[in-house]
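Notes to accompany the following structure.
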Amino acid sequence: MIRLISLTVSILLLAAGCTAEPPAQQVAESVEAPAPTEGETSAVELNVVQIEMQLLTTVLENAVRGVGDGEVSHIADELHQLDAAKHATEAAIEDGSYVLPYNSDQLSAFLAMDDAFHHQLEAMIDASRADDVPAMALAIGDTLNSCYSCHALFRDP
């Protein structure tokens, strides 16, 4: 658990020195599924949760870069884009087009954890609106720490 969190934080900190990424929504829209291998008829499609997680990853990477650059005011707009992704996930769960790959019998726990996580992102939004770099750094850490419990229950091992 600690190794996973440490690895994630290390990757994000290393990414802070990289060039700026395009806005998170553009990244999510531009994600292409891998090409089919010989004998396959179609490429693997990303599900709504994977798309939401990729969008979140991009926003978190941009937030870390913002902390490094001393400018985090743009992060609030990127975080608001996650709201649409959250609603898409909820809709797919409700209509049955997405089923949790693990512990699908704990759907109410998943939805509660997802809702709590998105409420926790409000600390990052507040820090962004205030362009408060130290508060953003703390909020990023808190956000990353909350990822593990959900992944431990519902993510591929």
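Labeling convention for the structure tokens: chains A, B, ... as they appear, residues from 1 per chain, ligands from 1 in order of appearance.
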
Hey, what's within 6 Å of region 63-75 of chain A if we count only C-alpha atoms and toss same-chain stuff fewer than 4 positions away? As a PyMOL selection string, please?
-> chain A and resi 16+128-129+131+133

Two-atom distance - CA of Asp105 (chain A), CA of Ala85 (chain A) (Å) = 22.5 Å

Atomic separation - CA of Ala152 (chain A) relative to CA of Phe117 (chain A), Å |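 Separation of CA of Phe117 (chain A) and CA of Ala152 (chain A): 14.6 Å.
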
Pick the closest to Glu61 (chain A) from A:Ala137, A:Leu153, A:Ala88, A:Ala123: which is it, counting only C-alpha atoms?
->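 Nearest to Glu61 (chain A): A:Ala137.
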
Just the residues within 8 Å of Val59 (chain A), please, counting only C-alpha atoms, with nothing from its chain fewer than 2 positions along; format it as a PyMOL selection string.
-> chain A and resi 24+55-57+61-63+75+78-79

Measure the distance from CA of His151 (chain A) to CA of Pro134 (chain A) in Å and round it to one decimal.
->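 These two atoms are separated by 26.9 Å.
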
Using backbone DSSP assignments, extract all helix (DSSP H, G or I) residues from region 66-116 of chain A; output them as an MDAnalysis selection string.
-> chainID A and resid 66:69 75:95 104:116

Restricting the output to C-alpha atoms, write the selected residues as a PDB file, in the first residue's frame.
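Dumped to selection_37.pdb:
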ATOM      1  CA  GLY A  66       1.048  23.867 -11.147  1.00  0.00           C
ATOM      2  CA  VAL A  67       2.500  23.463  -7.664  1.00  0.00           C
ATOM      3  CA  GLY A  68       5.967  23.274  -9.220  1.00  0.00           C
ATOM      4  CA  ASP A  69       5.281  26.359 -11.339  1.00  0.00           C
ATOM      5  CA  ILE A  75      -6.951  23.472 -11.836  1.00  0.00           C
ATOM      6  CA  ALA A  76     -10.496  24.311 -10.694  1.00  0.00           C
ATOM      7  CA  ASP A  77     -11.727  24.416 -14.303  1.00  0.00           C
ATOM      8  CA  GLU A  78     -10.108  21.072 -15.054  1.00  0.00           C
ATOM      9  CA  LEU A  79     -11.623  19.519 -11.924  1.00  0.00           C
ATOM     10  CA  HIS A  80     -15.100  20.657 -12.950  1.00  0.00           C
ATOM     11  CA  GLN A  81     -14.692  18.584 -16.105  1.00  0.00           C
ATOM     12  CA  LEU A  82     -14.593  15.526 -13.849  1.00  0.00           C
ATOM     13  CA  ASP A  83     -18.184  16.194 -12.847  1.00  0.00           C
ATOM     14  CA  ALA A  84     -19.411  15.151 -16.292  1.00  0.00           C
ATOM     15  CA  ALA A  85     -17.256  12.026 -16.128  1.00  0.00           C
ATOM     16  CA  LYS A  86     -18.707  11.193 -12.699  1.00  0.00           C
ATOM     17  CA  HIS A  87     -22.245  11.508 -14.076  1.00  0.00           C
ATOM     18  CA  ALA A  88     -21.343   9.309 -17.048  1.00  0.00           C
ATOM     19  CA  THR A  89     -20.058   6.641 -14.666  1.00  0.00           C
ATOM     20  CA  GLU A  90     -23.210   6.838 -12.546  1.00  0.00           C
ATOM     21  CA  ALA A  91     -25.429   6.629 -15.636  1.00  0.00           C
ATOM     22  CA  ALA A  92     -23.542   3.598 -16.975  1.00  0.00           C
ATOM     23  CA  ILE A  93     -23.853   1.847 -13.618  1.00  0.00           C
ATOM     24  CA  GLU A  94     -27.555   2.673 -13.424  1.00  0.00           C
ATOM     25  CA  ASP A  95     -28.355   1.440 -16.932  1.00  0.00           C
ATOM     26  CA  SER A 104     -19.873  -5.930  -7.902  1.00  0.00           C
ATOM     27  CA  ASP A 105     -22.139  -6.886  -4.998  1.00  0.00           C
ATOM     28  CA  GLN A 106     -20.770  -3.828  -3.143  1.00  0.00           C
ATOM     29  CA  LEU A 107     -22.129  -1.265  -5.577  1.00  0.00           C
ATOM     30  CA  SER A 108     -23.522   0.987  -2.845  1.00  0.00           C
ATOM     31  CA  ALA A 109     -20.066   1.116  -1.224  1.00  0.00           C
ATOM     32  CA  PHE A 110     -18.505   2.023  -4.582  1.00  0.00           C
ATOM     33  CA  LEU A 111     -20.996   4.831  -5.159  1.00  0.00           C
ATOM     34  CA  ALA A 112     -20.506   6.155  -1.614  1.00  0.00           C
ATOM     35  CA  MET A 113     -16.721   6.100  -1.981  1.00  0.00           C
ATOM     36  CA  ASP A 114     -16.927   7.791  -5.381  1.00  0.00           C
ATOM     37  CA  ASP A 115     -19.222  10.489  -4.016  1.00  0.00           C
ATOM     38  CA  ALA A 116     -16.949  11.096  -1.009  1.00  0.00           C
TER      39      ALA A 116
END
